Amino acid sequence: TFSPFLSLSLSLSFSLPPLYAASLHSLVFLYPLAHIFSIPLSYPLSPVPASCIGYYMYIETSFPRSKGQVARLSSPAYSTSVVGCEVTFWYHMYGSSTGALNVYVKDTLSGRNFTIWKKSGNQGNKWLKASARIANVTGSFFIIFEGVVGSSFTGDLAIDDIVFSKSCCGRNPCGEALADFQTSWNGFTQSTTDGFDWSRNSGSTSSIATGPSTDHTLGTSKGYYLYIETSGTRPAGSKAQIMSPVYREASPACTFTFWYHMYGSSIGVLNVYIKQGSTMKLAFNIIGNQGNKWFSSGKLAVGIASQFQVVFEGIKGTSFTGDIAIDDFLFGTDCCPQTSKMQPERL
């Protein structure tokens, strides 16, 4: 059965129909350089319980795959780990040309990946159990499984039954813990009182010498982000605003982070506001060309204990080379109020 991240002791197996599994919000597929992990209905047998009708995740290494190509599968975002936090999983690496299986922790605050486990080569026709300590994490984190294609088609490798230890924190329960925009707008809505709209996009924007060519979450042209398109006839100073879901309550120490990309000779302004009713409080402001890369906002304080929204405002510069993008909006682990949990509400 599939247990979608509901408790501190996390268990994840893949024994459900493929189309349903791929649509779950808690299961994020990272589209890699080569291909995605797949969910087949075939051997090898799932380890717990062993059955020919159980599901697992694997990479298919036959043609047209080539040696060294990779596929990555990511968990949802989780709260900061504590001492003793471990992840266990089962893996199957059978075939004369088996490549490698790597497991990383991605720190969402720094954007860095840390290798916590790796194995390469043929391990025999059986399921094996592995465990890895989650360390070097300063903020919320992902677990990333990376399969690397070997020298030929006899290199399929599989994973199943991923479990976090009880000493790990669970998924951040405070509203939309992560908005990575991979499959949707994550509850964000366009303002109706601004001059134009934000767009959801993958790959490069439509203008040259501006905007990102990859998203931040995956770091590939397959990943999605939000941005403002500044070509066309709209005048300089035109504003586009997009708003998070309504969050009902937060602790006084609540913080959030996001990543932004501001590249182009005529970049305008990016403002971020905390909206309470009709009041807008500026939380972040940056102006002009920052270079062709993604930057972290760092921790930003909400500073409001009652119902609020986060509003992103992009302002057009003087010309078309002014596309501004955002990605990976994330609440900190200190956002839960003591009396009740934040719940998202669509406008």
# chains A, B, ... in the order shown; residues from 1 in each chain; ligands from 1

call {"tool": "residues_around", "arguments": {"residues": "Ala209 in chain A", "least_positions_apart": "2", "cutoff": "7 Å", "atoms": "only C-alpha atoms", "output": "mmCIF file with N, CA and C atoms, in the first residue's frame"}}
result
data_model
loop_
_atom_site.group_PDB
_atom_site.id
_atom_site.type_symbol
_atom_site.label_atom_id
_atom_site.label_comp_id
_atom_site.auth_asym_id
_atom_site.auth_seq_id
_atom_site.Cartn_x
_atom_site.Cartn_y
_atom_site.Cartn_z
ATOM 1 N N SER A 207 12.240 35.203 -25.115
ATOM 2 C CA SER A 207 13.154 36.270 -25.527
ATOM 3 C C SER A 207 14.605 35.842 -25.333
ATOM 4 N N GLY A 264 19.111 39.887 -17.507
ATOM 5 C CA GLY A 264 18.774 40.669 -18.680
ATOM 6 C C GLY A 264 19.181 42.124 -18.477
ATOM 7 N N THR A 321 14.325 42.575 -22.538
ATOM 8 C CA THR A 321 15.299 41.737 -21.829
ATOM 9 C C THR A 321 15.161 41.935 -20.316
#

call {"tool": "residues_around", "arguments": {"residues": "range 115-123 of chain A", "least_positions_apart": "4", "cutoff": "7 Å", "atoms": "only C-alpha atoms", "output": "list in words"}}
result
Met93, Tyr94, Gly95, Ser96, Thr98, Gly99, Ala100, Leu101, Asn102, Val103, Tyr104, Val105, Ala132, Arg133 and Ile134 of chain A

call {"tool": "atom_distance", "arguments": {"atom1": "CA of Ser213 in chain A", "atom2": "CA of Trp294 in chain A"}}
result
10.5 Å

call {"tool": "residues_around", "arguments": {"residues": "Val310 in chain A", "least_positions_apart": "4", "cutoff": "12 Å", "atoms": "only C-alpha atoms", "output": "ChimeraX atom specification"}}
result
/A:176,187-189,191,241-247,255-258,271-277,279-284,300-304,329-331,344

call {"tool": "closest_residue", "arguments": {"among": "A:Val311, A:Met262, A:Leu157, A:Ile144", "to": "Ser75 in chain A", "atoms": "only C-alpha atoms"}}
result
A:Ile144

call {"tool": "residues_around", "arguments": {"residues": "range 229-237 of chain A", "least_positions_apart": "3", "cutoff": "8 Å", "atoms": "only C-alpha atoms", "output": "mmCIF file with C-alpha atoms, in the first residue's frame"}}
result
data_model
loop_
_atom_site.group_PDB
_atom_site.id
_atom_site.type_symbol
_atom_site.label_atom_id
_atom_site.label_comp_id
_atom_site.auth_asym_id
_atom_site.auth_seq_id
_atom_site.Cartn_x
_atom_site.Cartn_y
_atom_site.Cartn_z
ATOM 1 C CA TRP A 198 2.741 35.664 -14.519
ATOM 2 C CA SER A 199 3.348 32.582 -16.704
ATOM 3 C CA THR A 205 11.657 32.098 -22.095
ATOM 4 C CA SER A 206 10.616 33.426 -25.499
ATOM 5 C CA SER A 207 13.154 36.270 -25.527
ATOM 6 C CA GLY A 268 13.039 45.821 -13.539
ATOM 7 C CA ILE A 315 7.734 45.093 -12.501
ATOM 8 C CA LYS A 316 8.761 45.468 -16.146
ATOM 9 C CA GLY A 317 11.965 47.328 -16.961
ATOM 10 C CA THR A 318 12.707 49.439 -20.005
ATOM 11 C CA SER A 319 12.739 46.722 -22.688
ATOM 12 C CA PHE A 320 12.113 43.043 -23.530
ATOM 13 C CA THR A 321 15.299 41.737 -21.829
ATOM 14 C CA GLY A 322 13.667 41.922 -18.414
ATOM 15 C CA ASP A 323 12.139 38.494 -17.690
ATOM 16 C CA ILE A 324 12.000 37.707 -13.945
#
